[in-house]
Amino acid sequence: MIPGPFSYHRPSTLADAVRLLASLGDEARPLAGGHSLIPMMKLRLATPQSLVDLHGIDSLRGIRSDGGAILIGAMTTQHDLIGSDVIARSLPILAEAAALIADPQVRYCGTIGGNVANGDPGNDMPALMMTLGASYLLEGPDGSRTVAATDFYQGAYFTALEPGEILTAISIPAPSSGHGYAYEKLKRKVGDYATAAAALVLTMSGGKVATCSIGLTNLAETPLLAEDAAKAVIGTDLDEESLKQAAAAAEAIMSPSADTRGPVEYRKHVGGIMVMRALKRAAARAS
Ligand code: FAD
């Protein structure tokens with residue numbers, strides 16, 4: 001339970017952080033809230049030789065509207081998301097999902113940047129970011145680039161982040177007003193990761209589903225976008241048959257591992273139920 005030795009650095013600008021990571025080499029890692037990285041270090045599952053703490057960089061914090069998008073700094077905490085007026089007005093699903101992460105102590109420290117950059121299939125924000133069509137703004141030794149959340153996740157703990165790159169912000173297109181949303185998560189107890197979870201954003205027109213986007217958490221090595229499940233409900237009034245078809249289409253792309261949260265078939269079944277519950281709740285919220 002004691003981490004290996006490491007050097008600690010606390011730059012105060014993004015440029016210094018990028019320079020430091022480049023000079024310290026591949027064994028250096030950015031440190032955000034530390035609520036995934038430090039436990040991994042204590043278990044010696046991660047043994048970085050240097051940590052570059054991002055807490056001194058003010059420009060990495062904050063939430064603001066930016067044209068038709070919402071821009072969220074990487075060091076914005078889960079607690080900040082829950083209390084933000086901008087999020088409550090434009091992206092309420094983000095506050096709903098953040099409130100289902102762990103417990104208040106974790107949410108005070110855990111950041112949205114750390115949550116999406118971590119690459120743990122159990123993290124709740126990545127599938128939600130895919131559902132919302134988010135993009136990640138990255139800064140590295142070779143300059144800036146933007147990667148769509150849908151292109152970011154390559155395997156458990158493998159992402160499109162290059163060594164030395166820092167995720168600086170997340171840009172999320174604001175969903176249309178009147179959209180319905182729901183984040184449904186089954187967990188064994190408060191503080192646990194999802195047995196299965198579904199993120200859902202839709203619009204309704206004339207009592208029928210007009211647009212729909214569905215993401216799945218902890219049901220494969222990476223977060224999933226359930227495109228066929230979404231197609232199964234577009235144009236329907238969410239009758240029982242279309243709900244079942246959406247659940248079946250979502251289950252078809254799931255490949256969870258059997259673990260202490262249950263066997264594979266159970267977790268897939270629960271995943272389908274999360275999709276159906278999220279569809280019903282999102283439709284009831286849409287106007
Ligand atoms: P850190 O732990 O500091 O970093 C995580 C990884 O991301 C590291 O590899 C780090 O180098 C990298 N990183 C961090 N920031 C950046 C950046 N800006 N650019 C590039 N790389 C970066 N999470 C959930 O989603 N759902 C849960 O139910 C849940 N339950 C939890 C329960 C407990 C008891 C605990 C301790 C944690 C739980 N978490 C859960 C994890 C928590 O949300 C973490 O805070 C989050 O996964 C990582 O965010 P962080 O800011 O703590 O990042």
# chains A, B, ... in the order shown; residues from 1 in each chain; ligands from 1
call {"tool": "residues_near_ligand", "arguments": {"ligand": "ligand 1", "cutoff": "6 Å", "atoms": "only C-alpha atoms and all ligand atoms", "output": "list in words"}}
result
Arg29, Pro30, Leu31, Ala32, Gly33, Gly34, His35, Ser36, Leu37, Ala74, Ile101, Ala102, Val106, Gly110, Thr111, Gly113, Gly114, Asn115, Ala117, Asn118, Asn123, Asp124, Met125, Ile166, Leu167, Thr168, Gly191, Asp192 and Tyr193 of chain A
call {"tool": "write_last_selection", "arguments": {"atoms": "C-alpha atoms", "output": "PDB file, in the first residue's frame"}}
result
ATOM      1  CA  ARG A  29       2.516  11.187 -15.613  1.00  0.00           C
ATOM      2  CA  PRO A  30       0.171  14.146 -15.112  1.00  0.00           C
ATOM      3  CA  LEU A  31      -1.521  14.152 -11.681  1.00  0.00           C
ATOM      4  CA  ALA A  32      -5.071  15.538 -11.452  1.00  0.00           C
ATOM      5  CA  GLY A  33      -7.391  14.603  -8.549  1.00  0.00           C
ATOM      6  CA  GLY A  34      -5.276  11.523  -7.845  1.00  0.00           C
ATOM      7  CA  HIS A  35      -8.323   9.362  -7.074  1.00  0.00           C
ATOM      8  CA  SER A  36      -7.496   6.794  -9.750  1.00  0.00           C
ATOM      9  CA  LEU A  37      -3.735   7.266 -10.103  1.00  0.00           C
ATOM     10  CA  ALA A  74      -9.821  19.416 -17.533  1.00  0.00           C
ATOM     11  CA  ILE A 101     -19.763   8.829  -9.054  1.00  0.00           C
ATOM     12  CA  ALA A 102     -18.355   7.454  -5.802  1.00  0.00           C
ATOM     13  CA  VAL A 106     -14.005  11.555  -4.201  1.00  0.00           C
ATOM     14  CA  GLY A 110     -11.803  13.829  -8.924  1.00  0.00           C
ATOM     15  CA  THR A 111     -11.652  15.860 -12.151  1.00  0.00           C
ATOM     16  CA  GLY A 113     -10.127  15.448 -17.243  1.00  0.00           C
ATOM     17  CA  GLY A 114      -8.765  12.644 -15.073  1.00  0.00           C
ATOM     18  CA  ASN A 115     -11.987  10.692 -15.448  1.00  0.00           C
ATOM     19  CA  ALA A 117      -8.146  10.468 -19.690  1.00  0.00           C
ATOM     20  CA  ASN A 118      -7.817   7.508 -17.319  1.00  0.00           C
ATOM     21  CA  ASN A 123     -15.324   5.483 -15.367  1.00  0.00           C
ATOM     22  CA  ASP A 124     -18.731   7.053 -15.968  1.00  0.00           C
ATOM     23  CA  MET A 125     -17.816  10.144 -17.996  1.00  0.00           C
ATOM     24  CA  ILE A 166      -2.126  16.904 -21.534  1.00  0.00           C
ATOM     25  CA  LEU A 167      -5.883  16.984 -21.963  1.00  0.00           C
ATOM     26  CA  THR A 168      -6.691  20.659 -21.414  1.00  0.00           C
ATOM     27  CA  GLY A 191     -19.132   4.357  -3.898  1.00  0.00           C
ATOM     28  CA  ASP A 192     -19.032   1.417  -6.296  1.00  0.00           C
ATOM     29  CA  TYR A 193     -18.325   1.471 -10.007  1.00  0.00           C
TER      30      TYR A 193
END
call {"tool": "residues_around", "arguments": {"residues": "Tyr136 (chain A)", "least_positions_apart": "5", "cutoff": "9 Å", "atoms": "only C-alpha atoms", "output": "ChimeraX atom specification"}}
result
/A:145-149,152,167-172
call {"tool": "atom_distance", "arguments": {"atom1": "CA of Ile70 (chain A)", "atom2": "CA of Leu132 (chain A)"}}
result
11.0 Å
call {"tool": "closest_atom_pairs", "arguments": {"of": "region 116-221 of chain A", "to": "region 14-17 of chain A", "cutoff": "10 Å", "atoms": "only C-alpha atoms", "output": "CSV"}}
result
residue,atom,partner,partner_atom,distance
A:Glu139,CA,A:Leu14,CA,8.5
A:Gly140,CA,A:Ala15,CA,9.0
A:Pro141,CA,A:Ala15,CA,9.1
A:Gly164,CA,A:Ala17,CA,9.0
A:Glu165,CA,A:Ala17,CA,9.5
A:Ile166,CA,A:Ala17,CA,8.3
A:Thr168,CA,A:Leu14,CA,8.5
call {"tool": "closest_residue", "arguments": {"among": "A:Met276, A:Ile253, A:Leu45, A:Met204", "to": "Glu221 (chain A)", "atoms": "only C-alpha atoms"}}
result
A:Ile253
call {"tool": "closest_residue", "arguments": {"among": "A:Asp142, A:Val264, A:Ser177, A:Ala286", "to": "Val209 (chain A)", "atoms": "only C-alpha atoms"}}
result
A:Ala286
call {"tool": "closest_residue", "arguments": {"among": "A:Lys189, A:Lys268, A:Arg89, A:His55", "to": "Ala248 (chain A)", "atoms": "only C-alpha atoms"}}
result
A:Lys268
call {"tool": "closest_residue", "arguments": {"among": "A:Pro3, A:Gly67, A:Gly155, A:Gly73", "to": "Leu43 (chain A)", "atoms": "only C-alpha atoms"}}
result
A:Pro3
call {"tool": "atom_distance", "arguments": {"atom1": "CA of Ala246 (chain A)", "atom2": "CA of Ala282 (chain A)"}}
result
14.2 Å
call {"tool": "select_by_dssp", "arguments": {"residues": "region 162-265 of chain A", "states": "strand (DSSP E)", "output": "ChimeraX atom specification"}}
result
/A:166-173,180-186,196-205,208-217,224-225
call {"tool": "closest_residue", "arguments": {"among": "A:Ala174, A:Ala46, A:Leu279, A:Leu202", "to": "Ile87 (chain A)", "atoms": "only C-alpha atoms"}}
result
A:Ala174
call {"tool": "closest_residue", "arguments": {"among": "A:Arg61, A:Arg277, A:Arg10, A:Arg267", "to": "Ala198 (chain A)", "atoms": "only C-alpha atoms"}}
result
A:Arg277
